[in-house]
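Note: the block below is upload.cif and it holds mmCIF, C-alpha atoms and all ligand atoms.
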data_upload
#
loop_
_atom_site.label_atom_id
_atom_site.label_comp_id
_atom_site.auth_asym_id
_atom_site.auth_seq_id
_atom_site.Cartn_x
_atom_site.Cartn_y
_atom_site.Cartn_z
CA MET M 1 -7.42 30.46 13.13
CA ALA M 2 -5.95 27.26 11.74
CA ARG M 3 -2.70 26.49 10.01
CA ILE M 4 -3.37 24.32 6.95
CA VAL M 5 -1.50 22.86 3.97
CA MET M 6 -3.31 22.77 0.62
CA LYS M 7 -1.77 20.62 -2.14
CA PHE M 8 -2.78 20.95 -5.79
CA GLY M 9 -1.94 18.16 -8.24
CA GLY M 10 -1.05 18.40 -11.92
CA THR M 11 -4.58 18.55 -13.35
CA SER M 12 -5.48 21.30 -10.86
CA VAL M 13 -2.69 23.54 -12.18
CA ALA M 14 -2.79 22.31 -15.80
CA ASP M 15 -3.16 25.78 -17.34
CA VAL M 16 -3.36 29.45 -16.42
CA GLU M 17 -7.15 29.40 -15.93
CA ARG M 18 -6.85 26.55 -13.45
CA ILE M 19 -3.99 28.24 -11.61
CA LYS M 20 -6.23 31.30 -11.23
CA ASN M 21 -8.99 29.02 -9.93
CA VAL M 22 -6.55 27.57 -7.39
CA ALA M 23 -5.61 31.11 -6.33
CA LEU M 24 -9.29 31.85 -5.64
CA ARG M 25 -9.55 28.74 -3.45
CA VAL M 26 -6.45 29.71 -1.51
CA LYS M 27 -7.77 33.27 -1.08
CA LYS M 28 -10.99 31.87 0.39
CA ALA M 29 -9.01 30.05 3.07
CA VAL M 30 -6.93 33.17 3.77
CA ASP M 31 -10.10 35.28 4.01
CA ALA M 32 -11.49 32.75 6.49
CA GLY M 33 -8.48 33.56 8.69
CA ASP M 34 -6.36 30.46 8.06
CA GLN M 35 -2.57 30.45 7.77
CA VAL M 36 -1.98 28.73 4.44
CA ALA M 37 1.00 26.84 3.04
CA VAL M 38 0.43 25.56 -0.49
CA THR M 39 2.27 22.75 -2.26
CA VAL M 40 2.00 22.55 -6.04
CA SER M 41 2.77 19.90 -8.64
CA ALA M 42 3.97 20.61 -12.16
CA MET M 43 1.34 21.25 -14.85
CA ALA M 44 -0.30 17.99 -15.97
CA GLY M 45 1.94 16.17 -18.47
CA GLU M 46 4.94 18.39 -17.79
CA THR M 47 6.93 15.91 -15.71
CA ASN M 48 6.35 13.21 -18.36
CA ARG M 49 7.63 15.64 -20.98
CA LEU M 50 10.75 16.37 -18.94
CA VAL M 51 11.42 12.66 -18.30
CA ALA M 52 11.08 12.00 -22.04
CA LEU M 53 13.62 14.76 -22.74
CA CYS M 54 16.12 13.03 -20.44
CA ASP M 55 15.43 9.68 -22.13
CA SER M 56 15.98 11.19 -25.54
CA VAL M 57 19.39 12.64 -24.64
CA SER M 58 20.91 9.70 -22.82
CA GLU M 59 20.11 6.04 -22.30
CA LEU M 60 21.73 5.68 -18.89
CA TYR M 61 21.61 9.22 -17.58
CA ASP M 62 23.10 10.60 -14.38
CA ALA M 63 20.29 10.76 -11.79
CA ARG M 64 21.58 14.12 -10.47
CA GLU M 65 21.06 15.69 -13.88
CA TYR M 66 17.66 13.96 -14.21
CA ASP M 67 16.66 15.76 -10.99
CA THR M 68 17.98 19.07 -12.32
CA VAL M 69 15.67 18.68 -15.31
CA VAL M 70 12.49 17.13 -13.84
CA SER M 71 12.35 19.42 -10.79
CA THR M 72 11.75 22.46 -13.02
CA GLY M 73 8.04 21.77 -13.60
CA GLU M 74 7.20 22.62 -10.00
CA GLN M 75 9.36 25.76 -10.06
CA VAL M 76 7.17 27.15 -12.82
CA THR M 77 3.81 26.45 -11.14
CA SER M 78 4.95 27.77 -7.74
CA GLY M 79 5.96 31.08 -9.31
CA LEU M 80 2.79 31.34 -11.39
CA LEU M 81 0.54 30.64 -8.41
CA ALA M 82 2.36 33.21 -6.25
CA MET M 83 1.78 35.78 -9.04
CA ALA M 84 -1.90 34.84 -9.37
CA LEU M 85 -2.35 35.26 -5.60
CA GLN M 86 -0.58 38.61 -5.61
CA ASP M 87 -2.93 39.69 -8.40
CA LEU M 88 -5.86 38.96 -6.08
CA GLY M 89 -4.27 41.12 -3.40
CA VAL M 90 -3.04 38.15 -1.36
CA ASP M 91 0.45 38.41 0.12
CA ALA M 92 2.28 35.34 -1.27
CA ARG M 93 5.79 34.11 -2.01
CA SER M 94 7.11 31.02 -3.83
CA TRP M 95 9.64 28.65 -2.24
CA GLN M 96 11.75 26.00 -3.95
CA GLY M 97 12.73 22.85 -2.04
CA TRP M 98 16.32 24.08 -1.60
CA GLN M 99 15.19 27.46 -0.29
CA ILE M 100 13.07 26.17 2.60
CA PRO M 101 15.11 23.83 2.73
CA ILE M 102 13.59 20.34 2.58
CA HIS M 103 16.54 18.06 3.39
CA THR M 104 16.60 14.65 1.73
CA ASP M 105 19.02 11.77 1.36
CA ASP M 106 21.07 11.55 -1.84
CA ALA M 107 18.98 8.88 -3.63
CA HIS M 108 18.44 11.07 -6.67
CA GLY M 109 15.17 10.39 -8.49
CA LYS M 110 13.60 8.75 -5.42
CA ALA M 111 14.94 10.69 -2.47
CA ARG M 112 13.47 10.47 1.03
CA ILE M 113 12.82 13.52 3.17
CA LEU M 114 15.07 13.62 6.25
CA GLY M 115 13.88 16.89 7.78
CA ILE M 116 12.44 20.32 7.00
CA ASP M 117 13.72 23.63 8.39
CA THR M 118 10.47 25.42 9.02
CA ASP M 119 11.78 28.49 10.87
CA VAL M 120 11.60 30.95 8.00
CA VAL M 121 8.38 29.73 6.35
CA SER M 122 6.74 29.48 9.75
CA GLN M 123 7.59 33.14 10.42
CA ARG M 124 6.13 34.10 7.05
CA LEU M 125 2.93 32.22 7.89
CA ASP M 126 2.72 34.04 11.22
CA GLN M 127 3.03 37.32 9.30
CA GLY M 128 0.01 36.31 7.21
CA GLN M 129 1.92 35.52 4.02
CA VAL M 130 0.91 32.54 1.88
CA VAL M 131 3.86 30.21 1.43
CA VAL M 132 3.74 28.56 -2.02
CA CYS M 133 6.09 25.56 -2.05
CA ALA M 134 7.24 23.70 -5.11
CA GLY M 135 6.36 20.06 -4.44
CA PHE M 136 8.47 17.04 -5.46
CA GLN M 137 11.79 18.79 -4.70
CA GLY M 138 14.37 18.50 -1.96
CA LEU M 139 17.99 19.30 -1.21
CA GLY M 140 20.51 16.47 -0.89
CA SER M 141 23.57 16.49 1.38
CA ASP M 142 25.58 16.88 -1.84
CA ASN M 143 23.97 20.36 -2.05
CA ARG M 144 22.09 19.41 -5.21
CA VAL M 145 18.39 19.39 -5.97
CA THR M 146 16.71 16.00 -5.48
CA THR M 147 13.24 14.73 -6.43
CA LEU M 148 11.03 12.45 -4.38
CA GLY M 149 9.85 9.93 -6.99
CA ARG M 150 6.77 10.16 -9.20
CA GLY M 151 3.75 11.49 -7.36
CA GLY M 152 6.13 12.96 -4.76
CA SER M 153 4.29 16.27 -4.28
CA ASP M 154 1.86 14.42 -2.01
CA THR M 155 4.81 13.57 0.21
CA SER M 156 6.11 17.16 0.12
CA ALA M 157 2.69 18.39 1.30
CA VAL M 158 2.18 15.87 4.10
CA ALA M 159 5.76 16.24 5.36
CA LEU M 160 5.35 20.02 5.38
CA ALA M 161 2.06 19.68 7.28
CA ALA M 162 3.77 17.47 9.87
CA ALA M 163 6.75 19.82 10.24
CA LEU M 164 4.55 22.93 10.50
CA GLY M 165 2.18 21.28 12.96
CA ALA M 166 -0.69 21.99 10.55
CA GLU M 167 -4.23 21.14 11.57
CA ARG M 168 -4.76 19.26 8.32
CA CYS M 169 -3.40 18.63 4.85
CA ASP M 170 -5.90 18.96 2.00
CA ILE M 171 -4.91 17.14 -1.19
CA TYR M 172 -6.81 18.66 -4.12
CA THR M 173 -6.97 16.47 -7.21
CA ASP M 174 -9.21 15.57 -10.17
CA VAL M 175 -11.46 13.18 -8.20
CA ASP M 176 -13.55 14.25 -5.22
CA GLY M 177 -12.20 11.62 -2.85
CA ILE M 178 -10.96 8.08 -2.46
CA TYR M 179 -13.26 5.53 -4.06
CA THR M 180 -13.70 1.80 -3.55
CA THR M 181 -11.65 1.45 -6.72
CA ASP M 182 -10.40 3.68 -9.53
CA PRO M 183 -13.55 5.41 -10.85
CA ARG M 184 -11.95 5.46 -14.31
CA ILE M 185 -12.29 1.67 -14.39
CA VAL M 186 -15.51 1.21 -12.42
CA PRO M 187 -17.71 4.27 -12.98
CA HIS M 188 -20.14 3.12 -10.26
CA ALA M 189 -17.41 2.85 -7.60
CA ARG M 190 -18.44 4.34 -4.25
CA LYS M 191 -16.78 7.30 -2.57
CA LEU M 192 -15.57 6.61 0.97
CA SER M 193 -16.13 9.33 3.57
CA LYS M 194 -13.23 7.95 5.65
CA ILE M 195 -10.43 5.43 5.17
CA THR M 196 -7.86 4.25 7.73
CA TYR M 197 -4.18 5.13 7.36
CA GLU M 198 -3.42 1.43 7.20
CA GLU M 199 -5.84 0.73 4.35
CA MET M 200 -4.65 3.78 2.44
CA LEU M 201 -1.05 2.66 2.93
CA GLU M 202 -1.86 -0.76 1.44
CA GLN M 203 -3.83 0.90 -1.36
CA ALA M 204 -0.94 3.20 -2.25
CA SER M 205 1.71 0.51 -2.06
CA MET M 206 -0.47 -1.84 -4.13
CA GLY M 207 -0.63 0.71 -6.94
CA THR M 208 -3.43 3.22 -6.20
CA LYS M 209 -1.82 6.43 -7.40
CA VAL M 210 -4.16 8.90 -5.72
CA LEU M 211 -1.58 9.34 -2.89
CA GLN M 212 2.13 8.50 -2.99
CA THR M 213 2.94 5.65 -0.54
CA ARG M 214 5.52 7.66 1.37
CA SER M 215 3.01 10.46 2.01
CA VAL M 216 0.69 7.99 3.78
CA GLU M 217 3.58 6.61 5.84
CA ILE M 218 4.39 10.11 7.06
CA ALA M 219 0.73 10.94 7.70
CA MET M 220 0.35 7.77 9.77
CA LYS M 221 3.54 8.32 11.73
CA TYR M 222 2.86 11.97 12.60
CA HIS M 223 -0.96 11.72 12.73
CA VAL M 224 -1.51 14.26 9.98
CA ARG M 225 -5.19 14.49 9.06
CA VAL M 226 -5.18 14.12 5.29
CA GLN M 227 -8.21 14.92 3.22
CA VAL M 228 -8.50 14.07 -0.51
CA LEU M 229 -10.88 16.32 -2.41
CA SER M 230 -11.58 17.89 -5.78
CA SER M 231 -10.26 21.26 -6.87
CA PHE M 232 -13.17 21.50 -9.33
CA SER M 233 -16.12 21.11 -6.94
CA ASP M 234 -17.10 21.84 -3.36
CA THR M 235 -18.25 18.34 -2.42
CA PRO M 236 -16.79 16.85 0.77
CA GLY M 237 -13.82 14.58 0.19
CA THR M 238 -12.36 11.54 1.96
CA LEU M 239 -10.60 11.78 5.31
CA VAL M 240 -7.62 9.49 5.93
CA CYS M 241 -7.62 8.86 9.69
CA ASP M 242 -7.08 6.46 12.59
CA GLU M 243 -9.13 3.28 12.70
CA ASP M 244 -10.97 4.26 15.89
CA GLU M 245 -12.49 7.27 14.10
CA ILE M 246 -14.36 4.92 11.77
CA VAL M 247 -17.52 3.44 13.21
CA GLU M 248 -18.62 1.12 10.43
CA LYS M 249 -15.65 -0.81 9.19
CA GLU M 250 -15.98 -2.58 5.87
CA VAL M 251 -14.53 -6.08 5.46
CA VAL M 252 -13.16 -4.98 2.09
CA SER M 253 -12.92 -1.22 1.51
CA GLY M 254 -11.18 -1.19 -1.83
CA ILE M 255 -9.71 -2.90 -4.87
CA ALA M 256 -6.29 -1.74 -6.08
CA TYR M 257 -4.44 -2.61 -9.27
CA SER M 258 -0.91 -2.12 -10.47
CA ARG M 259 0.26 -2.27 -14.06
CA ASP M 260 3.85 -1.68 -13.01
CA GLU M 261 4.59 -5.40 -12.59
CA ALA M 262 6.78 -8.04 -14.20
CA LYS M 263 7.39 -11.68 -13.34
CA ILE M 264 10.60 -13.72 -13.50
CA THR M 265 10.86 -17.49 -13.06
CA LEU M 266 14.17 -19.26 -12.51
CA LEU M 267 13.81 -22.92 -13.48
CA SER M 268 15.68 -25.86 -12.03
CA VAL M 269 17.51 -24.04 -9.29
CA ALA M 270 19.55 -26.27 -6.96
CA ASP M 271 17.47 -26.98 -3.84
CA ARG M 272 20.03 -26.17 -1.17
CA PRO M 273 20.52 -23.50 1.52
CA GLY M 274 21.78 -20.14 0.31
CA VAL M 275 20.33 -20.21 -3.20
CA ALA M 276 17.44 -17.82 -2.50
CA ALA M 277 19.86 -15.55 -0.63
CA GLY M 278 22.09 -15.57 -3.73
CA VAL M 279 19.26 -14.62 -6.10
CA PHE M 280 17.67 -11.93 -3.98
CA GLY M 281 20.96 -10.63 -2.63
CA ALA M 282 22.14 -9.92 -6.17
CA LEU M 283 18.91 -8.08 -6.94
CA ALA M 284 19.03 -6.09 -3.68
CA ASP M 285 22.60 -5.04 -4.48
CA ALA M 286 21.26 -3.62 -7.74
CA ASN M 287 18.60 -1.72 -5.73
CA ILE M 288 15.74 -3.79 -7.20
CA ASN M 289 12.77 -4.44 -4.90
CA VAL M 290 11.16 -7.84 -5.22
CA ASP M 291 7.54 -8.28 -4.20
CA MET M 292 5.73 -11.66 -4.43
CA ILE M 293 7.91 -14.78 -4.16
CA VAL M 294 6.88 -18.41 -4.77
CA GLN M 295 9.12 -21.47 -4.69
CA ASN M 296 8.12 -24.95 -5.87
CA VAL M 297 10.29 -27.99 -5.26
CA SER M 298 10.49 -30.64 -7.99
CA ALA M 299 8.98 -34.07 -7.36
CA ASP M 300 12.36 -35.69 -6.63
CA GLY M 301 13.32 -32.83 -4.29
CA THR M 302 16.61 -32.04 -6.06
CA THR M 303 15.73 -28.77 -7.78
CA ALA M 304 13.25 -25.91 -7.35
CA ASP M 305 11.60 -23.23 -9.47
CA ILE M 306 11.58 -19.71 -8.02
CA THR M 307 9.04 -17.19 -9.29
CA PHE M 308 8.96 -13.57 -8.15
CA THR M 309 7.57 -10.20 -9.20
CA LEU M 310 9.31 -6.84 -9.48
CA PRO M 311 8.60 -3.35 -10.89
CA ARG M 312 8.27 -3.55 -14.68
CA THR M 313 10.70 -0.68 -15.10
CA ASP M 314 13.40 -2.70 -13.30
CA LEU M 315 13.01 -5.81 -15.51
CA PRO M 316 15.84 -5.06 -18.00
CA ARG M 317 18.30 -4.42 -15.16
CA ALA M 318 17.16 -7.51 -13.24
CA LEU M 319 17.64 -9.69 -16.33
CA LYS M 320 21.15 -8.35 -16.76
CA VAL M 321 22.03 -9.07 -13.11
CA LEU M 322 20.59 -12.61 -13.19
CA GLU M 323 22.06 -13.56 -16.54
CA LYS M 324 25.46 -12.39 -15.38
CA GLY M 325 25.12 -14.43 -12.19
CA GLN M 326 23.72 -17.59 -13.82
CA GLU M 327 26.71 -19.73 -12.93
CA ASP M 328 26.99 -18.56 -9.32
CA ILE M 329 23.26 -18.82 -8.66
CA GLY M 330 22.99 -22.09 -10.56
CA TYR M 331 19.73 -22.19 -12.52
CA ALA M 332 19.00 -23.92 -15.83
CA ARG M 333 16.64 -21.47 -17.50
CA LEU M 334 15.04 -18.06 -16.98
CA GLU M 335 11.56 -16.94 -18.10
CA ALA M 336 10.34 -13.34 -17.93
CA ASP M 337 6.85 -11.94 -18.47
CA LYS M 338 5.96 -8.27 -18.42
CA ASN M 339 2.33 -8.60 -19.42
CA VAL M 340 1.11 -9.17 -15.89
CA VAL M 341 -0.80 -7.02 -13.39
CA LYS M 342 -1.37 -7.22 -9.67
CA ILE M 343 -4.88 -6.94 -8.24
CA SER M 344 -5.38 -6.51 -4.49
CA VAL M 345 -8.42 -6.50 -2.22
CA ILE M 346 -7.87 -4.46 0.93
CA GLY M 347 -9.78 -3.97 4.18
CA VAL M 348 -9.09 -3.82 7.93
CA GLY M 349 -12.22 -5.93 8.51
CA MET M 350 -10.33 -8.90 7.02
CA ARG M 351 -8.61 -9.38 10.37
CA SER M 352 -11.84 -10.63 11.88
CA HIS M 353 -13.59 -12.16 8.86
CA ALA M 354 -12.87 -15.47 7.19
CA GLY M 355 -13.51 -16.29 3.54
CA VAL M 356 -12.24 -13.08 1.94
CA ALA M 357 -9.60 -14.83 -0.17
CA GLN M 358 -12.04 -17.54 -1.20
CA THR M 359 -14.52 -14.95 -2.51
CA MET M 360 -11.69 -13.48 -4.58
CA PHE M 361 -10.59 -16.80 -6.06
CA ARG M 362 -14.18 -17.81 -6.87
CA ALA M 363 -15.02 -14.48 -8.53
CA LEU M 364 -11.91 -14.72 -10.72
CA SER M 365 -12.49 -18.35 -11.65
CA GLU M 366 -16.10 -17.58 -12.66
CA LYS M 367 -14.64 -15.17 -15.22
CA GLY M 368 -12.10 -17.78 -16.36
CA ILE M 369 -9.17 -15.72 -15.06
CA ASN M 370 -6.08 -17.75 -14.12
CA ILE M 371 -4.13 -16.76 -10.98
CA LEU M 372 -0.35 -16.81 -11.46
CA THR M 373 0.81 -15.89 -7.95
CA ILE M 374 -0.82 -15.06 -4.62
CA SER M 375 0.37 -13.07 -1.62
CA THR M 376 -1.38 -11.94 1.54
CA SER M 377 -0.96 -9.66 4.53
CA GLU M 378 -3.23 -9.14 7.53
CA ILE M 379 -5.47 -6.71 5.64
CA LYS M 380 -4.84 -7.60 1.98
CA VAL M 381 -4.95 -10.40 -0.59
CA SER M 382 -3.09 -9.85 -3.87
CA VAL M 383 -3.01 -11.93 -7.03
CA LEU M 384 -0.98 -11.67 -10.18
CA ILE M 385 -2.91 -12.21 -13.44
CA ALA M 386 -2.43 -11.67 -17.17
CA GLU M 387 -2.68 -7.97 -18.08
CA GLU M 388 -5.50 -8.48 -20.61
CA TYR M 389 -7.90 -9.42 -17.77
CA MET M 390 -7.16 -6.44 -15.56
CA GLU M 391 -10.36 -4.42 -16.02
CA LEU M 392 -12.55 -7.51 -16.04
CA ALA M 393 -11.00 -8.69 -12.77
CA VAL M 394 -11.37 -5.32 -11.01
CA ARG M 395 -15.03 -5.10 -12.03
CA ALA M 396 -15.79 -8.70 -11.03
CA LEU M 397 -14.18 -8.25 -7.60
CA HIS M 398 -15.86 -4.91 -7.02
CA SER M 399 -19.23 -6.62 -7.49
CA ALA M 400 -18.26 -9.77 -5.59
CA TYR M 401 -17.55 -7.76 -2.42
CA GLY M 402 -20.76 -5.75 -2.77
CA LEU M 403 -18.94 -2.47 -3.36
CA ASP M 404 -20.95 -1.26 -6.38
CA ALA M 405 -22.93 1.92 -5.66
CA GLN M 406 -26.69 1.29 -5.46
P1 LIG P 1 -2.77 14.47 -9.07
O1 LIG P 1 -2.23 14.86 -10.40
O2 LIG P 1 -3.77 15.44 -8.54
O3 LIG P 1 -1.71 14.11 -8.08
P2 LIG P 1 -3.23 11.65 -9.59
O4 LIG P 1 -3.43 11.34 -11.03
O5 LIG P 1 -1.91 11.38 -8.98
O6 LIG P 1 -3.66 13.17 -9.34
O7 LIG P 1 -4.35 10.88 -8.72
C1 LIG P 1 -5.73 11.01 -9.02
C2 LIG P 1 -6.19 9.83 -9.86
O8 LIG P 1 -6.10 8.63 -9.09
C3 LIG P 1 -7.63 9.88 -10.26
O9 LIG P 1 -7.81 10.57 -11.47
C4 LIG P 1 -8.04 8.40 -10.37
O10 LIG P 1 -8.19 7.96 -11.71
C5 LIG P 1 -6.89 7.65 -9.74
N1 LIG P 1 -7.35 6.65 -8.77
C6 LIG P 1 -6.94 5.35 -8.74
N2 LIG P 1 -7.56 4.67 -7.80
C7 LIG P 1 -8.38 5.53 -7.16
C8 LIG P 1 -9.29 5.42 -6.06
N3 LIG P 1 -9.46 4.26 -5.40
N4 LIG P 1 -9.99 6.52 -5.68
C9 LIG P 1 -9.80 7.69 -6.32
N5 LIG P 1 -8.96 7.87 -7.37
C10 LIG P 1 -8.26 6.81 -7.79
N1 LIG P 2 5.18 16.33 -10.94
C1 LIG P 2 5.61 15.10 -10.28
C2 LIG P 2 5.07 13.88 -11.04
O1 LIG P 2 4.37 14.04 -12.03
C3 LIG P 2 5.23 15.06 -8.84
C4 LIG P 2 3.74 15.07 -8.57
O2 LIG P 2 2.96 15.50 -9.42
O3 LIG P 2 3.35 14.69 -7.46
O4 LIG P 2 5.35 12.79 -10.67
MG MG P 3 -0.54 12.39 -7.78
#

Take the structure in this file and express it as structure tokens.
Amino acid sequence: MARIVMKFGGTSVADVERIKNVALRVKKAVDAGDQVAVTVSAMAGETNRLVALCDSVSELYDAREYDTVVSTGEQVTSGLLAMALQDLGVDARSWQGWQIPIHTDDAHGKARILGIDTDVVSQRLDQGQVVVCAGFQGLGSDNRVTTLGRGGSDTSAVALAAALGAERCDIYTDVDGIYTTDPRIVPHARKLSKITYEEMLEQASMGTKVLQTRSVEIAMKYHVRVQVLSSFSDTPGTLVCDEDEIVEKEVVSGIAYSRDEAKITLLSVADRPGVAAGVFGALADANINVDMIVQNVSADGTTADITFTLPRTDLPRALKVLEKGQEDIGYARLEADKNVVKISVIGVGMRSHAGVAQTMFRALSEKGINILTISTSEIKVSVLIAEEYMELAVRALHSAYGLDAQ
């Protein structure tokens, strides 16, 4: 008998028929003798609808009230799935984040899980009851409901698996695994049977939305075996695991892209100590995360241009902060561009292979695509390019690294 966590994403619980289908899958695991905790997302499109409602009421809304509104999608699906299971004769009960409880910090809208009290749900599992948890939700120290950021149900599921000591965490979604790139962009992308935690972490943080970044961090830290698979078929999925479980390591295992990017350039900034600290300190104080940074010094060495990227959604706030601080920071002009995307090639094999970046630059230049900014880590090379070339670039790189399915 194994204890497992099964997570079902928005498309898997998009309507009543699909919720009944999910119930059948859960029943199968119960019939096989497993102890099952389920984590559910809101119905597909529901969270977007709730976010739009908040936007339509208030321009700068209170994040606590945003959480009150957007957390409701998962409450509905957890109740419906518990009912569907009961209808099949399976003993099941729904649990909201505050009932378990899943403790988080108070960063409403993007809270981090601090700990989970598993005593009660663990007892229920031991009694053979299916525990149906609403994903995405937590309880802040202010005693209010929090949410974990978009895509946060993945994190709820993996954290629950870690806290319950589950044998594995199965993430059911609308694709049957993790592919070499988004199959919606490259239909002949290849499915990976395994991927390392590290590669998946880079993938997620570089924009691949199949798993939320924080869920991979938790899986890596607590060695949770995460499997990504389809709720619509029975084909084997992709296992996210330690590097030593993978025999044949690819130099490049995937291409990620992120549309959530914007670029700011500060022109003619004084070239003296403390200026970069002034710019990025002001942004950090406003809780804005900066990603790629490039600085060029002018020919006479007196001024510099600083270019950096940030989440597109944070651009209006960043502009406000920088324009307000123009005199203190001391720059002549500011340019902003939100029609940019980030493309990354990722693979643990890069550590021991030279020439990966060069292949990327050549493939892009052959398509006439200009690179605006570059950044690298041990297992990744990222470039920023104009948004209009995104699909072309992903396809060209997928071929250049020999990832296309035969
Ligand atoms: P869910 O609603 O189940 O959480 P998501 O939409 O968050 O599902 O994630 C699944 C989607 O991730 C897929 O439909 C796919 O288009 C996208 N995706 C992006 N990159 C990849 C990749 N490398 N492999 C698989 N899916 C990917
Ligand atoms: N429903 C939330 C969202 O759409 C959480 C999730 O689905 O993971 O972001
Ligand atoms: Mg998701």

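The neighbours of M:Gly349 here are the residues that come within 7 Å of it, using all atoms listed in the file and leaving out any residue fewer than 5 positions away in the same chain; they are Lys249, Glu250, Val251 and Val252 of chain M.
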
**Asked** Residues within 8 Å of ligand LIG 1 (chain P) (only C-alpha atoms and all ligand atoms), as a VMD selection string?
**Response** chain M and resid 8 to 12 41 44 151 153 to 154 171 to 185 191 203 208 to 212 254 to 256

**Message:** Using all atoms listed in the file, which protein or nucleic acid residues come within 12 Å of M:His108? Drop anything in the same chain fewer than 3 positions from it, and give the result as number ranges by chain.
**Reply:** M: 61-71, 104-105, 111-113, 136-150

**Complete:** Between atom CA of M:Asp337 and atom CA of M:Lys263 lies a distance of 5.2 Å

**Asked** Quick one: distance from atom CA of M:Tyr401 to atom CA of M:Thr235 in Å, one decimal?
**Response**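 We find that atom CA of M:Tyr401 and atom CA of M:Thr235 lie 26.1 Å from each other.
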
**Within 12 Å of M:Gly368 using only C-alpha atoms, minus same-chain residues under 3 positions, as a ChimeraX atom specification** = /M:361-365,371,385-386,389,392-393,396

**Request:** Using only C-alpha atoms and all ligand atoms, find the one residue out of M:Ala92, M:Leu229, M:Leu50, M:Ile218 that sits nearest to ligand LIG 2 (chain P).
**Result:** M:Leu50

**Complete:** The distance between atom CA of M:Ala400 and atom CA of M:Thr196 is 22.0 Å

**Asked** Pick from M:Val5, M:Val228, M:Leu403, M:Leu24: nearest to M:Cys133, with all atoms listed in the file counted?
**Response**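 Ranking M:Val5, M:Val228, M:Leu403, M:Leu24 by distance to M:Cys133, first place goes to M:Val5.
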
**Request:** Could you tell me which of M:Ile102, M:Ile4, M:Val240, M:Val51 comes closest to ligand LIG 2 (chain P) if we count all atoms listed in the file?
**Result:** M:Val51

**Item:** Exercise: stretch 316-321 of chain M partners within 8 Å, only C-alpha atoms, chain neighbours under 4 positions left out, as an MDAnalysis selection string
**Value:** chainID M and resid 282:283 286 288 325

**Shortest interatomic distance to M:Phe280 - which of M:Ile329, M:Ala204, M:Ser375, M:Ala304, counting all atoms listed in the file** =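 When distances to M:Phe280 are compared using all atoms listed in the file, the smallest one comes from M:Ile329.
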
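You can rank M:Val26, M:Val348, M:Met43, M:Met1 by their closest distance to ligand LIG 2 (chain P) using all atoms listed in the file, and at the top of that list sits M:Met43.
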
**Asked** Looking at only C-alpha atoms and all ligand atoms, which of M:Gly128, M:Ser215, M:Asp34, M:Glu199 is the one that sits closest to ligand LIG 2 (chain P)?
**Response**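 The closest residue to ligand LIG 2 (chain P) is M:Ser215.
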
**Message:** Could you list, as an MDAnalysis selection string, every residue within 7 Å of stretch 351-360 of chain M, counting all atoms listed in the file and ignoring same-chain residues fewer than 5 positions away?
**Reply:** chainID M and resid 378:379 381 397
